[in-house]
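First the structure, in the form of structure tokens, and then the observations on it.
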Amino acid sequence: MTGSLSAAAGAAAAGSAVLGATGADWVLWALVLLPAVTGAGLGLVSLSGPAVRDDQPEDERPPAGQRWAPVVTVAVLGAECVLAGVAAAGRPRVSAAFLPFARFGLAVDGLAALILPAVVGIALLVMVFAAADVREARARFCALMLVFVAAVVMTVTATTLPTLLLAWEVMGAASFALIGFAWWQEHRVKAGVTAFVTTRLGDLGLYVAAGAAVAGGAGLDLGDLAAASSGWRHMVAAGILLAALGKAAQLPFSFWLSRAMVGPSPVSALLHSAAMVAMGGYLLLRVQPLLAVTGWAATTAAWCGAATAVLLGVVAVAQRDLKQLLAASTAAQLGFVVLGAGVGAVAGGAAQLVAHAAVKSLLFLAAGAWLSALGTKQLPALQGVARRWPVVGVCAGVAALALGGVVPLSLWATKDEVLAAALATSGWLYATGLLAAVLSAGYAGKVLVLVWRSATRDATDPEDTDPDATGPEAGFDTEQPGTRRIGWLETLPLIVLAVPAALLGVLALPPVRSGVDRLLGQPPAPAPGPVELLVSAVLAVVTVLGVVLLTTRGSGVPEPGWARNWLGLHRLALAGVVDPTDRLARVLARADDKVLARGVERVAALALQTATLLQRVDVDVLDAGVVRVAAGVRRLAGLARRPQTGLLHHYYIQAVAVLAAGAVLLVLVG
Amino acid sequence: MSVLSIVVFLPLVVACFLVAVRVPDTAARWIWCALSAAEVLLIAGMWLGRPADPSTSLDFEQRVGWISTVASSYHVGLDGLSWPLVALTVVVFASCSVYALNEGNRPRLHAALFCFLQTTCLGVFAAQDLLLFFVFFDLSIVGMYFAIAGWGHGQAARSALMFFLYTFLGSLALLVGFIGLYLAATPHTFDIVELSRTAPLQGSGSVGVLVLGAILLGLAVKTPTFPFHTWLPPAHTDAPAVGSAVLAGVLLKMGTYGFVRIAMPLLPDAWRDWAWVVLAVGIVSVLYGALVALAQTNLKRMIAYTSVNHMGYVVVAVGAAGVLTGSAEQARQVAIVGAVTQMVSHGLITAALFLLAGVVHERTGTYDMGSFGGLARPAPRYAALFAIAAFASLGLPGFSGFIAEFQVFTGAIATAPISALAVLGILITAALFLRALQRLLTGETVGRSVGFRDLGAVEMCAIGPLLILALAIGVLPAPLLDVITPTAGQLVDLVGR
């Protein structure tokens, strides 16, 4: 690979458009362009047909573009999987001219080689599910998802800050459009706005980081950021940290993820578990050397992750809506990834990220399948749903157990690898992480017991579909009309996902573990000892059993209001940021009209007044003055006429007087 | 005669023809379209055929004596600063000419007026002589006055007069500054190339500062920056759609172009003295424009205030480029490249937005966003184009705005970290555009949205290409940036003198 690297570097100097064209490099371009171009094409298709209506009758045959869109999308994503495999093996590295001081660069390094196939594979499975689950405006849905996949591939492989920022914000925009997919329902669009604006607040950090990196002499290559001069380095780290925490829905930004749950379930399964939210954690893993070199940034990340893992764990435990529970748990589980980046457990964090992606996608897809079938995602209403569709139920059960950290399933080992590094850093951090692990077992147990618990409605006739407040279908169809069906297209992806959801723990266990370290080019990190593995395993099992007992025998797990409301974060953001900004905006707008614009008009009015005044001066002073002068002259002329009497003796007297005056003058002057 | 002069004066010839000969309305519309297409083709050919090496001399330069008593000549030519704006001008006018195929109000005179405007705009960006620049600059104000007064709506006469007086006053300040430069040069000259070579007021202390002050005032009114922007919202609100598109897309750029063409290279040390003021005005414009836009309920006023915000980024960049303390030359160059890119980007995107706002007004007679909702149902094409334009305007990567703003921020923050305040602008614009999008396009189809006719072929052909260009620049910025970058480097050297 070094050959290709130096070829790329050499060609970069030459400045040609596409560089370092060795063996597998075209694969990387294809990985980005294939979904992007197909997505754009499907976008045009979605515009060309008549507007799709939400009240469109089900039996009405959609136009061809809409029917073929899912097929095309699945085919493209299948090709993406192959390409991702080739790229992970070949490690291509490409760049193209972009900005005068930073190239557009993509590369598959060890970390990307681990994440990329996972993300693309999950995208494929999610779209297989969506082919059956999403029934309206399919072309638009597929277009947006494909654009999103292109952006994720770019995010994972970006080598420069502008490339990353480009992909990063396109992900955010796609997320907005997908959350608000059913645009005719305004609350969904509003949730999309919240998601975009909140994550963009974090994104501002990347803009500032870019400026600081240039000023610090590091340039905009992600790998070089740690080399920025000391003062600027802090600004770079702070900016990136802000962006990553916002995207990963860590505290205090978590609320946007809660609101995002009004989006379609496949969107949650891809964006809000495996891909977009996870990219926040991924970015921190990628720039871990930068965090470490500043010191405080690593500590902040570690504690932020740990705090999110605990507090959002409590939030998750308190939820009664399945998707809300899963969303809170996503923030909490990504807390472990962020914690891992903070304590230098890059391999552990990456393993946690991949394993969580599989687990959480599966659970979101199961939640989506139930929502479509039964019209609800409220946990009380979903009681016993796993027994109705056992295959879905078993898959979801495996994922829930994995989520709870039950041995030997995936998240048990990956989370412990992160915690081992945390223990090496600080005992308190480890204790906090362990508490978060207990909470994971708590909310996972809650899901598990509710969906599998035999409901009282089992006794009644399952064929009876008459909705009745107290009947077997109590609580169904409260959110949307349910189909009462889960087809094979919806089930198949769950079965496939259950395998990695169960097994990916091997990434954090010997002997694969050291291979992952080598793949990521990481020095061997502290490994969890047998005691720690045992402690966490016992804690998880005990907690799950405790929850089962509490739910079946007692009143269920506690659900405090503050935790159900996601710590009141959204209200806090509204009251603390949004409302004051709106007030300021209104005050300024009024001032603009009443003061500035009026001020200009007043200046104009003043000019008019001055003109009027001058006009009066002109008439009353100048013109009148001229008239008065004229009158004076006329009077003088009148006086001058008076000596001309025509009488000779008057003239003689005048002549004598003048002569006398002349004589006197001569005498005086002489 | 240089081909550039042909490009500049061809629209004027057509304008005279349209005034003199009473051609039928349809013919007049198509003549304007054909002319603007020819202009686009000419500029495209010239762009592709321009000399490859970024030498110091101007492309397509022409200089002939004009007013010899004050040593002013007809001197035109293009470099990396003017190329993008000349190209922008022909594109925006072409788009307007297509949009105006639906114009029903005196289309012959309408076409003639906009042909005349096109000559003045091209003249401003091609001029290499201060007096020539000033003449074209003022004639553009006259042309736009008639466009608003003659084809506007609402209080068109009042807004047009306000626009005329305010910007004309600004241009007088500009003229004072130009005369100051003329008098300081030995031998006296209005020639921009010569003046930038000699920088006559270099080291003159307060005189240079005063002359630059006059020029800055004139440019600030035109741009417009806070607090000289109050003519803009009424002018836009009452202007016809194509008038707004040209006003925001092209005329505002004359102000920001003046910074990089005249103020910075001709008065470098005075510019460095003023740099902090310019930077502060820029940051205030960015935040103030965005916040006031956030509070608007009138679609067109909202877009007008976002222009204050977007032009603010340009002002931030040119201000930061004058701050020399402890900054790398590269960062200042990046800021200037970003500033010029922003002029092009804002021209394309805001022209599209104003045309889209014009569609709303033509259909319903109002700009009030509260009167709409769920437009996406009756008008999916309109919704798609509006959404794309909104995202482009809020600086979404993949569109030209990102290329511009990313460079502005990177360069400005690297030279003057206080510029980091300006990044809040893109957050507020994101919020305001998404809210507007939500109010207009989504939810139940209510109010004036019911029965809203979707975009027709003519409107799609007028607005679509602007957004496609914004997308093209956003994805493949290199062809544009390669033109700007060398000249931006020279400008950094000139300011650093």
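In the structure tokens, the first chain shown is A, the next is B, and so on; residue numbers restart at 1 for each chain, and ligands run from 1 in the order shown.
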- Compile the residues of chain A that lie within 7 Å of chain B, evaluated using only C-alpha atoms, and express the compilation as a ChimeraX atom specification. /A:47,51,97-99,166,169-170,183-186,189,193,197,200-201,204,207-208,210-212,214-215,582,585-586,588-589,596-597
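Proximity to His236 in chain B at 7 Å, evaluated using only C-alpha atoms and with sequence-adjacent residues fewer than 3 positions away removed, yields Leu232, Pro233, Ala239, Ser244, Lys300 and Ala304 of chain B.
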Would you save the residues from that selection as a PDB file, in the first residue's frame, using C-alpha atoms?
ATOM      1  CA  LEU B 232     -32.873  46.548   0.303  1.00  0.00           C
ATOM      2  CA  PRO B 233     -35.987  44.929   1.843  1.00  0.00           C
ATOM      3  CA  ALA B 239     -39.620  44.672  -7.272  1.00  0.00           C
ATOM      4  CA  SER B 244     -35.142  41.094  -7.663  1.00  0.00           C
ATOM      5  CA  LYS B 300     -39.313  37.999  -0.025  1.00  0.00           C
ATOM      6  CA  ALA B 304     -33.671  39.935   1.185  1.00  0.00           C
TER       7      ALA B 304
END
- Query: Just asking: which residues within range 23-174 of chain A are strand (DSSP E or B) according to DSSP, as a PyMOL selection string?
  - Reply: chain A and resi 93-99+102-107+158+160
- Among A:Leu161, A:Leu509, A:Met261, A:Val516, Gly110 in chain A is approached most closely, using only C-alpha atoms, by A:Val516
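Our summary of the geometry notes that CA of Val19 in chain B is positioned 20.1 Å from CA of Ala37 in chain B.
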- Task: With a distance cut-off of 10 Å and only C-alpha atoms, select the neighbouring residues of range 482-491 of chain A, excluding the residue or stretch itself and same-chain residues fewer than 6 positions from it, and output the selection as a PyMOL selection string.
- Result: chain A and resi 125-133+365-366+368-376+389+391-392+395+465+476
- Item | Near-range 227-235 of chain A list (9 Å; only C-alpha atoms; drop same-chain fewer than 4 positions) as JSON, numbers by chain | {"A": [205, 208, 209, 212, 213, 214, 215, 216, 217, 218, 219, 223, 239, 240, 290, 291, 293, 294, 296, 297]}
- Item | Spatial neighbours of Pro268 in chain B, max dist 12 Å, only C-alpha atoms, sep filter under 2 positions, as a PyMOL selection string | chain B and resi 195-205+208-209+211-212+259-266+270-275+318-319+321-324+491-497
- Message: Give me the residues near Leu139 in chain B as a count of residues only, where near means some atom within 9 Å (using only C-alpha atoms) and where sequence neighbours in that chain fewer than 6 positions away do not count.
- Response: 4
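Here CA of Leu12 in chain B stands at a distance of 24.6 Å from CA of Thr256 in chain B.
Computed from the coordinates, the CA of Ala150 in chain A to CA of Ala341 in chain A distance equals 25.0 Å.
Compared by their closest atoms to Cys304 in chain A, and using only C-alpha atoms, the residues A:Thr155, A:Ser254, A:Gln378, A:Thr612 rank with A:Ser254 nearest.
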